[in-house]
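One file, coords20.cif, is given below (mmCIF, C-alpha atoms).
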data_work
#
loop_
_atom_site.label_atom_id
_atom_site.label_comp_id
_atom_site.auth_asym_id
_atom_site.auth_seq_id
_atom_site.Cartn_x
_atom_site.Cartn_y
_atom_site.Cartn_z
CA MET C 66 -11.92 -14.25 17.09
CA ASN C 67 -11.78 -10.59 18.16
CA VAL C 68 -9.67 -8.54 15.76
CA LEU C 69 -8.27 -5.03 16.06
CA LEU C 70 -7.34 -3.33 12.78
CA ILE C 71 -5.01 -0.35 13.08
CA GLY C 72 -5.46 2.46 10.54
CA SER C 73 -7.98 4.77 8.92
CA GLY C 74 -7.25 4.81 5.18
CA GLY C 75 -8.59 3.11 2.09
CA ARG C 76 -6.20 0.20 2.57
CA GLU C 77 -7.55 -0.40 6.07
CA HIS C 78 -11.17 -0.04 4.93
CA ALA C 79 -10.54 -2.75 2.32
CA LEU C 80 -8.94 -5.00 4.94
CA ALA C 81 -11.88 -4.38 7.30
CA TRP C 82 -14.33 -5.26 4.52
CA LYS C 83 -12.53 -8.53 3.85
CA ILE C 84 -11.92 -9.47 7.51
CA ALA C 85 -15.58 -8.82 8.34
CA GLN C 86 -16.57 -11.52 5.83
CA SER C 87 -14.61 -14.17 7.72
CA PRO C 88 -16.63 -16.79 9.63
CA ASN C 89 -13.73 -16.72 12.09
CA CYS C 90 -14.33 -13.03 12.92
CA THR C 91 -16.48 -12.58 16.02
CA ARG C 92 -15.89 -8.87 16.43
CA LEU C 93 -13.83 -6.41 14.44
CA TYR C 94 -12.60 -3.10 15.83
CA CYS C 95 -10.91 -0.39 13.76
CA ALA C 96 -8.69 2.21 15.40
CA PRO C 97 -8.94 5.05 14.63
CA GLY C 98 -11.07 3.92 11.67
CA ASN C 99 -13.10 6.09 9.31
CA PRO C 100 -16.79 6.80 8.61
CA GLY C 101 -16.95 4.13 5.92
CA MET C 102 -15.86 1.46 8.39
CA LEU C 103 -18.35 2.64 10.99
CA ASN C 104 -21.39 1.63 8.96
CA MET C 105 -20.48 -1.18 6.61
CA PRO C 106 -22.07 -1.79 4.17
CA GLU C 107 -24.42 1.21 4.11
CA ARG C 108 -21.65 3.67 3.27
CA MET C 109 -19.91 1.50 0.72
CA GLY C 110 -22.42 1.78 -2.12
CA ARG C 111 -24.90 -0.84 -3.25
CA ALA C 112 -22.05 -3.30 -3.93
CA GLY C 113 -20.73 -3.08 -0.38
CA ALA C 114 -22.46 -5.93 1.45
CA VAL C 115 -20.44 -8.07 3.81
CA SER C 116 -21.55 -11.53 4.85
CA GLN C 117 -21.08 -10.93 8.55
CA GLY C 118 -18.92 -9.08 11.03
CA PHE C 119 -19.21 -5.76 12.75
CA ALA C 120 -16.81 -2.85 12.64
CA PRO C 121 -17.15 -0.47 15.56
CA VAL C 122 -14.60 2.33 15.41
CA SER C 123 -12.50 3.24 18.42
CA GLN C 124 -11.25 6.80 18.70
CA ILE C 125 -7.72 5.79 19.59
CA ALA C 126 -4.96 7.81 17.97
CA LEU C 127 -2.71 5.94 15.57
CA ASN C 128 0.40 6.78 17.61
CA ASP C 129 -1.07 6.11 21.08
CA GLN C 130 0.62 2.77 21.61
CA ALA C 131 -0.23 2.50 25.30
CA ALA C 132 -3.94 3.05 24.58
CA ILE C 133 -3.82 0.37 21.86
CA VAL C 134 -2.32 -2.16 24.27
CA ASP C 135 -4.89 -1.28 26.94
CA PHE C 136 -7.72 -1.62 24.40
CA CYS C 137 -6.49 -5.10 23.45
CA GLY C 138 -6.73 -6.18 27.07
CA GLU C 139 -10.14 -4.61 27.64
CA GLN C 140 -11.69 -6.14 24.53
CA ALA C 141 -9.91 -9.53 24.64
CA ILE C 142 -8.30 -8.97 21.24
CA ASP C 143 -6.99 -12.18 19.66
CA LEU C 144 -5.19 -10.59 16.71
CA VAL C 145 -3.99 -7.10 15.80
CA VAL C 146 -3.58 -6.28 12.10
CA VAL C 147 -1.46 -3.16 11.49
CA GLY C 148 -2.30 -1.42 8.23
CA PRO C 149 -0.03 1.66 7.86
CA GLU C 150 3.75 1.80 7.92
CA GLN C 151 4.17 4.55 10.52
CA PRO C 152 3.12 2.49 13.59
CA LEU C 153 5.42 -0.33 12.46
CA VAL C 154 8.39 2.01 12.07
CA GLU C 155 7.58 3.39 15.53
CA GLY C 156 7.67 -0.10 17.08
CA LEU C 157 4.00 -0.90 17.74
CA ALA C 158 4.46 -4.57 16.84
CA ASN C 159 7.32 -4.86 19.36
CA LEU C 160 5.16 -3.51 22.16
CA LEU C 161 2.20 -5.72 21.32
CA ARG C 162 4.33 -8.85 21.21
CA ALA C 163 5.97 -7.89 24.48
CA HIS C 164 2.46 -7.99 26.00
CA GLY C 165 1.74 -11.39 24.45
CA ILE C 166 -0.67 -10.02 21.82
CA PRO C 167 -0.45 -11.70 18.39
CA VAL C 168 0.14 -9.14 15.65
CA PHE C 169 0.29 -9.20 11.87
CA GLY C 170 2.97 -6.60 11.27
CA HIS C 171 6.75 -6.26 11.26
CA GLU C 172 8.78 -5.25 14.27
CA GLN C 173 10.66 -1.95 14.23
CA ALA C 174 14.02 -3.23 12.99
CA ALA C 175 12.40 -5.07 10.08
CA ALA C 176 10.21 -2.06 9.25
CA GLU C 177 13.40 -0.13 8.40
CA LEU C 178 13.10 -1.75 4.96
CA GLU C 179 10.54 0.97 4.32
CA GLY C 180 11.58 3.43 7.01
CA SER C 181 15.00 3.97 5.40
CA LYS C 182 15.68 3.68 1.69
CA ALA C 183 19.42 3.63 2.37
CA PHE C 184 18.94 0.66 4.71
CA ALA C 185 16.84 -1.10 2.07
CA LYS C 186 19.54 -0.58 -0.54
CA ALA C 187 22.17 -2.04 1.80
CA ILE C 188 19.96 -5.09 2.41
CA MET C 189 19.47 -5.54 -1.32
CA ALA C 190 23.22 -5.49 -1.81
CA ASP C 191 23.71 -8.14 0.90
CA ALA C 192 20.97 -10.32 -0.59
CA GLN C 193 22.27 -9.76 -4.14
CA VAL C 194 18.88 -8.51 -5.25
CA PRO C 195 18.85 -6.68 -8.61
CA THR C 196 18.32 -2.94 -8.15
CA ALA C 197 19.50 0.41 -9.53
CA ALA C 198 22.98 1.73 -8.76
CA TYR C 199 22.79 4.43 -6.10
CA GLY C 200 24.47 6.78 -3.67
CA ALA C 201 23.31 7.71 -0.15
CA PHE C 202 24.16 11.19 1.15
CA ASP C 203 23.89 13.06 4.43
CA ASP C 204 24.95 16.28 2.74
CA ALA C 205 22.88 18.00 0.05
CA GLU C 206 25.93 19.35 -1.79
CA ALA C 207 27.44 15.87 -2.01
CA ALA C 208 24.18 14.60 -3.49
CA LYS C 209 24.24 17.43 -6.04
CA ALA C 210 27.83 16.62 -6.99
CA PHE C 211 26.81 12.98 -7.57
CA ILE C 212 23.92 14.15 -9.75
CA ARG C 213 26.15 16.44 -11.81
CA GLN C 214 28.59 13.58 -12.30
CA HIS C 215 25.95 11.11 -13.50
CA GLY C 216 23.54 13.43 -15.30
CA ALA C 217 19.81 13.04 -15.97
CA PRO C 218 17.40 11.32 -16.04
CA ILE C 219 18.03 10.37 -12.43
CA VAL C 220 15.92 9.57 -9.35
CA VAL C 221 16.06 11.46 -6.05
CA LYS C 222 14.49 9.92 -2.94
CA ALA C 223 13.95 11.09 0.61
CA ASP C 224 15.40 8.40 2.87
CA GLY C 225 12.48 8.25 5.32
CA LEU C 226 8.72 7.88 5.10
CA ALA C 227 7.03 10.35 2.78
CA ALA C 228 3.51 8.96 2.15
CA GLY C 229 4.42 7.95 -1.40
CA LYS C 230 5.51 11.49 -2.34
CA GLY C 231 9.20 11.38 -1.44
CA VAL C 232 10.44 10.33 -4.88
CA VAL C 233 11.27 12.61 -7.80
CA VAL C 234 12.02 11.13 -11.21
CA ALA C 235 14.03 14.02 -12.62
CA GLU C 236 14.21 14.30 -16.39
CA THR C 237 16.67 17.19 -16.32
CA LEU C 238 19.65 18.20 -14.21
CA ASP C 239 17.83 21.28 -12.93
CA GLN C 240 14.87 19.17 -11.80
CA ALA C 241 17.19 16.81 -9.94
CA LEU C 242 19.04 19.61 -8.16
CA ALA C 243 15.73 21.24 -7.20
CA ALA C 244 14.53 17.88 -5.85
CA VAL C 245 17.54 17.72 -3.54
CA ASP C 246 16.63 21.13 -2.10
CA ARG C 247 13.00 20.10 -1.65
CA LEU C 248 13.51 16.62 -0.21
CA HIS C 249 16.63 16.99 1.93
CA LYS C 250 16.05 17.45 5.65
CA PRO C 251 18.82 18.20 8.15
CA GLY C 252 20.01 15.04 9.86
CA GLU C 253 18.44 12.75 7.25
CA GLN C 254 19.85 11.06 4.18
CA LEU C 255 19.00 11.34 0.53
CA VAL C 256 19.25 8.43 -1.88
CA VAL C 257 20.08 9.18 -5.52
CA GLU C 258 19.55 6.33 -7.96
CA ALA C 259 20.16 5.56 -11.60
CA PHE C 260 17.01 5.89 -13.69
CA LEU C 261 15.41 2.58 -14.67
CA SER C 262 13.19 2.31 -17.73
CA GLY C 263 10.37 -0.15 -18.22
CA GLU C 264 6.97 -0.82 -16.69
CA GLU C 265 6.30 -0.65 -12.95
CA ALA C 266 4.46 -3.38 -11.07
CA SER C 267 3.75 -4.27 -7.46
CA TYR C 268 4.17 -7.75 -6.04
CA PHE C 269 3.16 -8.92 -2.57
CA VAL C 270 4.34 -11.76 -0.38
CA LEU C 271 3.52 -12.79 3.17
CA VAL C 272 6.59 -13.52 5.28
CA ASP C 273 7.06 -15.18 8.63
CA GLY C 274 10.78 -15.33 9.31
CA GLU C 275 12.13 -17.25 6.32
CA SER C 276 8.81 -18.69 5.12
CA VAL C 277 7.43 -16.83 2.10
CA MET C 278 3.98 -17.08 0.50
CA ALA C 279 2.97 -15.40 -2.76
CA PHE C 280 0.11 -12.91 -2.41
CA GLY C 281 -0.44 -11.53 -5.89
CA SER C 282 0.45 -8.73 -8.28
CA ALA C 283 -1.05 -5.35 -9.06
CA GLN C 284 -0.21 -2.24 -11.00
CA ASP C 285 -0.49 1.21 -9.46
CA HIS C 286 -0.79 4.56 -11.24
CA LYS C 287 1.52 6.90 -9.37
CA ARG C 288 1.27 10.05 -11.47
CA VAL C 289 -1.56 12.49 -10.86
CA GLY C 290 -2.52 12.98 -14.52
CA ASP C 291 -3.88 10.85 -17.35
CA GLY C 292 -1.24 9.11 -19.40
CA ASP C 293 0.98 8.88 -16.30
CA THR C 294 1.82 12.58 -16.39
CA GLY C 295 2.37 15.13 -13.65
CA GLU C 296 3.63 14.76 -10.11
CA ASN C 297 4.02 11.53 -8.19
CA THR C 298 1.25 10.78 -5.70
CA GLY C 299 0.45 8.08 -3.18
CA GLY C 300 -1.42 6.33 -6.00
CA MET C 301 -4.35 7.38 -8.21
CA GLY C 302 -5.68 3.91 -8.95
CA ALA C 303 -4.69 0.29 -9.40
CA TYR C 304 -5.74 -2.99 -10.95
CA THR C 305 -4.98 -6.67 -10.49
CA PRO C 306 -3.63 -8.93 -11.78
CA ALA C 307 -0.79 -7.16 -13.57
CA PRO C 308 -0.34 -8.84 -16.97
CA ILE C 309 3.37 -8.01 -17.03
CA VAL C 310 3.91 -10.26 -13.98
CA THR C 311 3.81 -13.55 -15.87
CA GLN C 312 4.09 -16.94 -14.14
CA GLU C 313 7.78 -17.13 -15.03
CA ARG C 314 8.44 -13.61 -13.71
CA GLU C 315 6.51 -14.47 -10.56
CA ARG C 316 8.81 -17.44 -10.05
CA LEU C 317 11.87 -15.22 -10.52
CA ILE C 318 10.52 -12.60 -8.10
CA LEU C 319 10.05 -15.24 -5.43
CA GLU C 320 13.37 -17.01 -5.96
CA THR C 321 15.69 -14.08 -6.65
CA ILE C 322 14.09 -11.31 -4.57
CA ALA C 323 11.54 -12.31 -1.92
CA LYS C 324 13.25 -15.39 -0.49
CA PRO C 325 16.79 -13.89 -0.45
CA ILE C 326 15.48 -10.77 1.31
CA ALA C 327 13.63 -12.87 3.90
CA ARG C 328 16.78 -14.94 4.56
CA THR C 329 19.00 -11.88 4.78
CA MET C 330 16.70 -10.07 7.19
CA ALA C 331 16.40 -13.17 9.38
CA ALA C 332 20.18 -13.59 9.40
CA ARG C 333 20.54 -9.97 10.54
CA GLY C 334 18.28 -10.66 13.51
CA CYS C 335 15.34 -8.62 12.19
CA PRO C 336 13.01 -11.19 10.60
CA LEU C 337 10.03 -10.06 8.58
CA THR C 338 6.61 -10.90 10.05
CA GLY C 339 3.86 -9.52 7.87
CA VAL C 340 3.43 -8.46 4.27
CA LEU C 341 6.32 -7.42 2.03
CA PHE C 342 5.41 -5.12 -0.87
CA ILE C 343 7.99 -5.31 -3.66
CA GLY C 344 7.98 -2.37 -6.05
CA LEU C 345 9.36 -3.54 -9.39
CA MET C 346 10.56 -2.16 -12.70
CA ILE C 347 10.28 -4.65 -15.56
CA ASP C 348 12.10 -3.88 -18.79
CA GLU C 349 11.03 -6.28 -21.53
CA THR C 350 13.70 -4.98 -23.91
CA LYS C 351 16.43 -6.67 -21.85
CA PRO C 352 17.38 -10.36 -21.71
CA SER C 353 14.96 -12.30 -19.50
CA ALA C 354 17.47 -12.74 -16.67
CA ASP C 355 18.00 -8.95 -16.43
CA GLN C 356 14.45 -7.68 -16.89
CA ILE C 357 13.38 -7.37 -13.25
CA GLN C 358 14.78 -4.72 -10.90
CA VAL C 359 13.60 -3.69 -7.43
CA LEU C 360 12.58 -0.06 -7.00
CA GLU C 361 11.64 -0.24 -3.32
CA PHE C 362 10.30 -2.34 -0.49
CA ASN C 363 7.33 -1.47 1.68
CA VAL C 364 6.35 -3.27 4.86
CA ARG C 365 2.57 -3.01 4.44
CA PHE C 366 -0.04 -3.55 1.78
CA GLY C 367 -0.08 -0.92 -0.93
CA ASP C 368 -2.75 1.71 -1.11
CA PRO C 369 -4.56 1.49 -3.56
CA GLU C 370 -3.26 -2.02 -4.38
CA CYS C 371 -4.77 -3.50 -1.23
CA GLN C 372 -8.25 -2.54 -2.36
CA VAL C 373 -8.05 -4.56 -5.56
CA LEU C 374 -6.28 -7.52 -3.94
CA MET C 375 -9.06 -7.82 -1.36
CA LEU C 376 -11.67 -7.80 -4.12
CA ARG C 377 -10.00 -10.72 -5.93
CA LEU C 378 -9.17 -12.78 -2.83
CA GLU C 379 -11.68 -15.64 -2.66
CA SER C 380 -10.45 -17.38 0.45
CA ASP C 381 -10.81 -16.32 4.08
CA ILE C 382 -8.05 -13.85 4.93
CA LEU C 383 -8.02 -14.30 8.70
CA PRO C 384 -6.39 -17.77 8.92
CA VAL C 385 -3.37 -16.69 6.90
CA LEU C 386 -2.96 -13.42 8.82
CA GLN C 387 -3.12 -15.38 12.05
CA ALA C 388 -0.63 -17.94 10.74
CA VAL C 389 1.88 -15.18 10.01
CA ALA C 390 1.37 -13.64 13.45
CA GLU C 391 1.90 -16.99 15.15
CA GLY C 392 4.86 -18.13 13.04
CA ARG C 393 2.90 -20.87 11.23
CA LEU C 394 2.92 -19.59 7.65
CA ALA C 395 4.46 -22.80 6.32
CA GLU C 396 1.34 -24.68 7.50
CA ALA C 397 -1.20 -22.21 6.08
CA GLU C 398 -3.33 -22.89 3.02
CA THR C 399 -2.39 -21.04 -0.15
CA PRO C 400 -4.77 -18.14 -0.86
CA ARG C 401 -7.39 -18.74 -3.55
CA TRP C 402 -7.90 -16.01 -6.13
CA SER C 403 -10.79 -15.22 -8.45
CA ALA C 404 -10.11 -15.39 -12.18
CA ASP C 405 -11.76 -11.96 -12.41
CA SER C 406 -9.96 -8.64 -12.67
CA ALA C 407 -10.38 -5.87 -10.12
CA ILE C 408 -9.79 -2.14 -10.38
CA THR C 409 -9.95 0.88 -8.09
CA VAL C 410 -10.11 4.55 -9.06
CA ILE C 411 -9.02 7.14 -6.52
CA MET C 412 -11.17 10.24 -6.12
CA ALA C 413 -8.92 13.00 -4.79
CA ASN C 414 -9.33 16.56 -3.56
CA GLN C 415 -8.78 19.29 -6.15
CA GLY C 416 -5.19 20.47 -5.72
CA TYR C 417 -3.77 17.11 -4.61
CA PRO C 418 -0.85 16.26 -4.39
CA GLY C 419 -0.37 19.94 -3.53
CA SER C 420 -2.51 22.00 -1.17
CA TYR C 421 -6.27 21.47 -1.10
CA GLU C 422 -9.37 22.62 0.76
CA LYS C 423 -10.88 20.48 3.52
CA GLY C 424 -14.49 20.05 4.53
CA SER C 425 -16.38 19.75 1.23
CA GLU C 426 -19.42 17.46 1.40
CA ILE C 427 -19.66 14.21 -0.54
CA ARG C 428 -23.12 13.00 -1.57
CA GLY C 429 -24.52 9.97 -3.34
CA LEU C 430 -22.33 7.32 -1.72
CA GLU C 431 -25.27 5.13 -0.71
CA ASP C 432 -26.48 4.95 -4.33
CA CYS C 433 -23.09 4.25 -5.91
CA PRO C 434 -23.21 0.95 -7.88
CA ALA C 435 -19.51 0.25 -7.14
CA LEU C 436 -17.69 -0.49 -3.90
CA VAL C 437 -16.45 2.67 -2.19
CA PHE C 438 -13.60 2.46 0.29
CA HIS C 439 -13.12 5.62 2.38
CA ALA C 440 -9.64 7.07 2.75
CA GLY C 441 -9.79 10.74 3.74
CA THR C 442 -13.26 11.36 5.14
CA VAL C 443 -14.91 12.46 8.37
CA GLU C 444 -18.52 12.62 9.45
CA SER C 445 -19.94 15.96 10.55
CA GLU C 446 -22.24 16.37 13.55
CA ALA C 447 -25.11 16.57 11.08
CA GLY C 448 -24.13 13.21 9.58
CA ALA C 449 -22.62 14.53 6.34
CA ILE C 450 -19.55 12.83 4.87
CA GLN C 451 -16.81 15.39 4.33
CA ALA C 452 -13.47 15.25 2.51
CA VAL C 453 -10.46 16.03 4.69
CA GLY C 454 -7.62 14.20 2.93
CA GLY C 455 -5.82 14.36 -0.38
CA ARG C 456 -6.89 10.93 -1.58
CA VAL C 457 -10.45 10.61 -0.33
CA LEU C 458 -12.32 7.66 -1.88
CA ALA C 459 -11.37 4.46 -3.71
CA VAL C 460 -14.17 3.49 -6.10
CA SER C 461 -13.70 -0.19 -6.85
CA ALA C 462 -15.13 -3.02 -8.93
CA ARG C 463 -14.49 -6.65 -9.88
CA ALA C 464 -15.61 -8.28 -13.13
CA PRO C 465 -14.69 -11.12 -15.53
CA SER C 466 -12.59 -8.72 -17.61
CA LEU C 467 -10.59 -5.62 -16.76
CA ALA C 468 -12.60 -3.60 -19.29
CA GLU C 469 -15.84 -4.53 -17.52
CA ALA C 470 -14.39 -3.76 -14.10
CA GLN C 471 -13.11 -0.42 -15.37
CA ALA C 472 -16.52 0.49 -16.77
CA GLN C 473 -18.22 -0.39 -13.47
CA ALA C 474 -15.74 1.66 -11.43
CA TYR C 475 -16.13 4.73 -13.62
CA THR C 476 -19.93 4.40 -13.50
CA GLY C 477 -19.49 4.47 -9.73
CA CYS C 478 -17.34 7.61 -9.89
CA LYS C 479 -19.98 9.41 -11.96
CA ALA C 480 -22.68 8.49 -9.41
CA ILE C 481 -20.86 10.29 -6.59
CA ASP C 482 -21.79 13.94 -6.16
CA TRP C 483 -18.58 15.71 -5.17
CA PRO C 484 -17.76 18.76 -7.32
CA GLN C 485 -14.53 19.40 -5.40
CA GLY C 486 -13.11 15.99 -6.31
CA PHE C 487 -11.28 14.71 -9.37
CA TYR C 488 -10.01 11.39 -10.70
CA ARG C 489 -7.95 10.02 -13.54
CA ARG C 490 -9.94 8.74 -16.51
CA ASP C 491 -7.49 6.07 -17.68
CA ILE C 492 -6.80 3.68 -14.79
CA GLY C 493 -5.86 0.31 -16.29
CA TRP C 494 -4.75 1.75 -19.61
CA ARG C 495 -1.54 -0.24 -19.89
CA ALA C 496 -3.28 -3.60 -19.61
CA LEU C 497 -6.16 -2.54 -21.87
CA THR C 498 -3.92 -1.26 -24.67
CA SER C 499 -1.24 -3.98 -24.62
#

Any chance you could give the structure as structure tokens?
Amino acid sequence: MNVLLIGSGGREHALAWKIAQSPNCTRLYCAPGNPGMLNMPERMGRAGAVSQGFAPVSQIALNDQAAIVDFCGEQAIDLVVVGPEQPLVEGLANLLRAHGIPVFGHEQAAAELEGSKAFAKAIMADAQVPTAAYGAFDDAEAAKAFIRQHGAPIVVKADGLAAGKGVVVAETLDQALAAVDRLHKPGEQLVVEAFLSGEEASYFVLVDGESVMAFGSAQDHKRVGDGDTGENTGGMGAYTPAPIVTQERERLILETIAKPIARTMAARGCPLTGVLFIGLMIDETKPSADQIQVLEFNVRFGDPECQVLMLRLESDILPVLQAVAEGRLAEAETPRWSADSAITVIMANQGYPGSYEKGSEIRGLEDCPALVFHAGTVESEAGAIQAVGGRVLAVSARAPSLAEAQAQAYTGCKAIDWPQGFYRRDIGWRALTS
């Protein structure tokens, strides 16, 4: 099978690493890809071997839909896997399907679950999914009036895509009002939500119309600083499984959230066809029936959650991706998972999530004892790996215990020579201290 993977981040590198291990994968292309994908496993550290597969990178822009379609025809692509949310929101899956090309990824109308937080809230209301009370506002002053009425703490969200940085959890009224000024854009909505307390977790399901298949839990670390302090980011690290997602909670997530959302979207004429990422808040101080609330939906794998899920996935990923694309999820085999834990630590550019310098050189990747997924790198003409993004590397490990995996990942971080980078020192702390 010839596969085209769309994207260039750490999530896509992890998917490429897993897809390339499939005996069903004849040839894997990544567009636009990254330097880590170009030479797997040499640039993934000493732990980066793949059993087979080849990942040539095509210099096709992420938003060049016509070029993507043409490439599929030229290379006889059997399956397209779309990694990031932006191409889905822009309708890439619609165009591919219109040309008869199987694609793992939601069509544009379904991708609005992530593309518009106000839309997602309306769908949750229709599906009777538990979530925070909210207001959606076109006007900044109306949003501020709502905030003054309800007080702080309160949550302010940009309605559209914001690369994981469009949410402000405001602890004071002044912070909330300032967030409105920062996040509001003319012609777009703001969503203001009641603050939910508890512990966050991520849960993933594969969906093909109304068929739903569980695909595991993880826990992300959104804040930039140790102890979950500082600004929100796109994610500074993750681990799987998330202990707070017990078997009983997993059952409730599937029955009261995932399946109702799939049915509601299908009934609206915009069925889900891909992965659904459910962002959760779990408050163990409440009665069991009221503990789980939905924070958000995303229409792609999480980043960095995807990295750890791929490490724990024992079974071949390609058959289930193909089953979703072809509307056969109900016939697919249930994924098999390792009993191990997996963890990833994000190495970011100094200054992230604010402004940062680009172009610093990263050394020592080939000697790193952990897996290294590239996220924000380029290769210079001289062959040097340079940092050009905010989140740059995902240093990852799998081991029988989370403590062992954590130790391996941090050993990997220390082996990488990149003075301009930084990383949190406490990824996995909740599970290790509970």

I need the residue set behind the PyMOL selection byres ((chain C and resi 441-444) around 7) for this file; please write it as a compact mmCIF listing (two decimals) with C-alpha atoms, in the coordinates of the input.
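Done, and the output landed in selection.txt:
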# COMPACT_ATOMS: atom_id res chain seq x y z
CA GLY C 74 -7.25 4.81 5.18
CA ASN C 99 -13.10 6.09 9.31
CA PRO C 100 -16.79 6.80 8.61
CA HIS C 439 -13.12 5.62 2.38
CA ALA C 440 -9.64 7.07 2.75
CA SER C 445 -19.94 15.96 10.55
CA GLU C 446 -22.24 16.37 13.55
CA GLY C 448 -24.13 13.21 9.58
CA ALA C 449 -22.62 14.53 6.34
CA ILE C 450 -19.55 12.83 4.87
CA GLN C 451 -16.81 15.39 4.33
CA ALA C 452 -13.47 15.25 2.51
CA VAL C 453 -10.46 16.03 4.69
CA GLY C 454 -7.62 14.20 2.93
CA GLY C 455 -5.82 14.36 -0.38
CA ARG C 456 -6.89 10.93 -1.58
CA VAL C 457 -10.45 10.61 -0.33
CA LEU C 458 -12.32 7.66 -1.88

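Taking atom CA of C:Leu103 and atom CA of C:Asp135 as endpoints, the distance between them is 21.2 Å.
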
Name all residues at most 6 Å from stretch 142-158 of chain C (count all atoms listed in the file; drop same-chain ones fewer than 6 positions away) and give them as a PDB file with C-alpha atoms, in the coordinates of the input.
ATOM      1  CA  MET C  66     -11.920 -14.250  17.090  1.00  0.00           C
ATOM      2  CA  ASN C  67     -11.780 -10.590  18.160  1.00  0.00           C
ATOM      3  CA  VAL C  68      -9.670  -8.540  15.760  1.00  0.00           C
ATOM      4  CA  LEU C  69      -8.270  -5.030  16.060  1.00  0.00           C
ATOM      5  CA  LEU C  70      -7.340  -3.330  12.780  1.00  0.00           C
ATOM      6  CA  ILE C  71      -5.010  -0.350  13.080  1.00  0.00           C
ATOM      7  CA  GLY C  72      -5.460   2.460  10.540  1.00  0.00           C
ATOM      8  CA  GLU C  77      -7.550  -0.400   6.070  1.00  0.00           C
ATOM      9  CA  PRO C 167      -0.450 -11.700  18.390  1.00  0.00           C
ATOM     10  CA  VAL C 168       0.140  -9.140  15.650  1.00  0.00           C
ATOM     11  CA  PHE C 169       0.290  -9.200  11.870  1.00  0.00           C
ATOM     12  CA  GLY C 170       2.970  -6.600  11.270  1.00  0.00           C
ATOM     13  CA  GLU C 172       8.780  -5.250  14.270  1.00  0.00           C
ATOM     14  CA  GLN C 173      10.660  -1.950  14.230  1.00  0.00           C
ATOM     15  CA  ALA C 176      10.210  -2.060   9.250  1.00  0.00           C
TER      16      ALA C 176
END

May I ask which of the residues C:Val270, C:Met330, C:Ala464, C:Ile411 is the closest one to C:Thr399, counting only C-alpha atoms?
C:Val270

Starting from the displayed file, determine the output of the PyMOL selection byres ((chain C and resi 318-326) around 9) and express the residue list as a CSV table (one decimal) with C-alpha atoms, in the frame of the given file.
chain,number,residue,atom,x,y,z
C,188,ILE,CA,20.0,-5.1,2.4
C,189,MET,CA,19.5,-5.5,-1.3
C,191,ASP,CA,23.7,-8.1,0.9
C,192,ALA,CA,21.0,-10.3,-0.6
C,193,GLN,CA,22.3,-9.8,-4.1
C,194,VAL,CA,18.9,-8.5,-5.2
C,195,PRO,CA,18.8,-6.7,-8.6
C,268,TYR,CA,4.2,-7.8,-6.0
C,270,VAL,CA,4.3,-11.8,-0.4
C,272,VAL,CA,6.6,-13.5,5.3
C,275,GLU,CA,12.1,-17.2,6.3
C,276,SER,CA,8.8,-18.7,5.1
C,277,VAL,CA,7.4,-16.8,2.1
C,278,MET,CA,4.0,-17.1,0.5
C,279,ALA,CA,3.0,-15.4,-2.8
C,313,GLU,CA,7.8,-17.1,-15.0
C,314,ARG,CA,8.4,-13.6,-13.7
C,315,GLU,CA,6.5,-14.5,-10.6
C,316,ARG,CA,8.8,-17.4,-10.0
C,317,LEU,CA,11.9,-15.2,-10.5
C,327,ALA,CA,13.6,-12.9,3.9
C,328,ARG,CA,16.8,-14.9,4.6
C,329,THR,CA,19.0,-11.9,4.8
C,330,MET,CA,16.7,-10.1,7.2
C,331,ALA,CA,16.4,-13.2,9.4
C,341,LEU,CA,6.3,-7.4,2.0
C,343,ILE,CA,8.0,-5.3,-3.7
C,357,ILE,CA,13.4,-7.4,-13.2
C,359,VAL,CA,13.6,-3.7,-7.4

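Comparing C:Gly302, C:Gly274, C:Gly200, C:Gly281 by their smallest distance to C:Gly493, the closest is C:Gly302 (using only C-alpha atoms).
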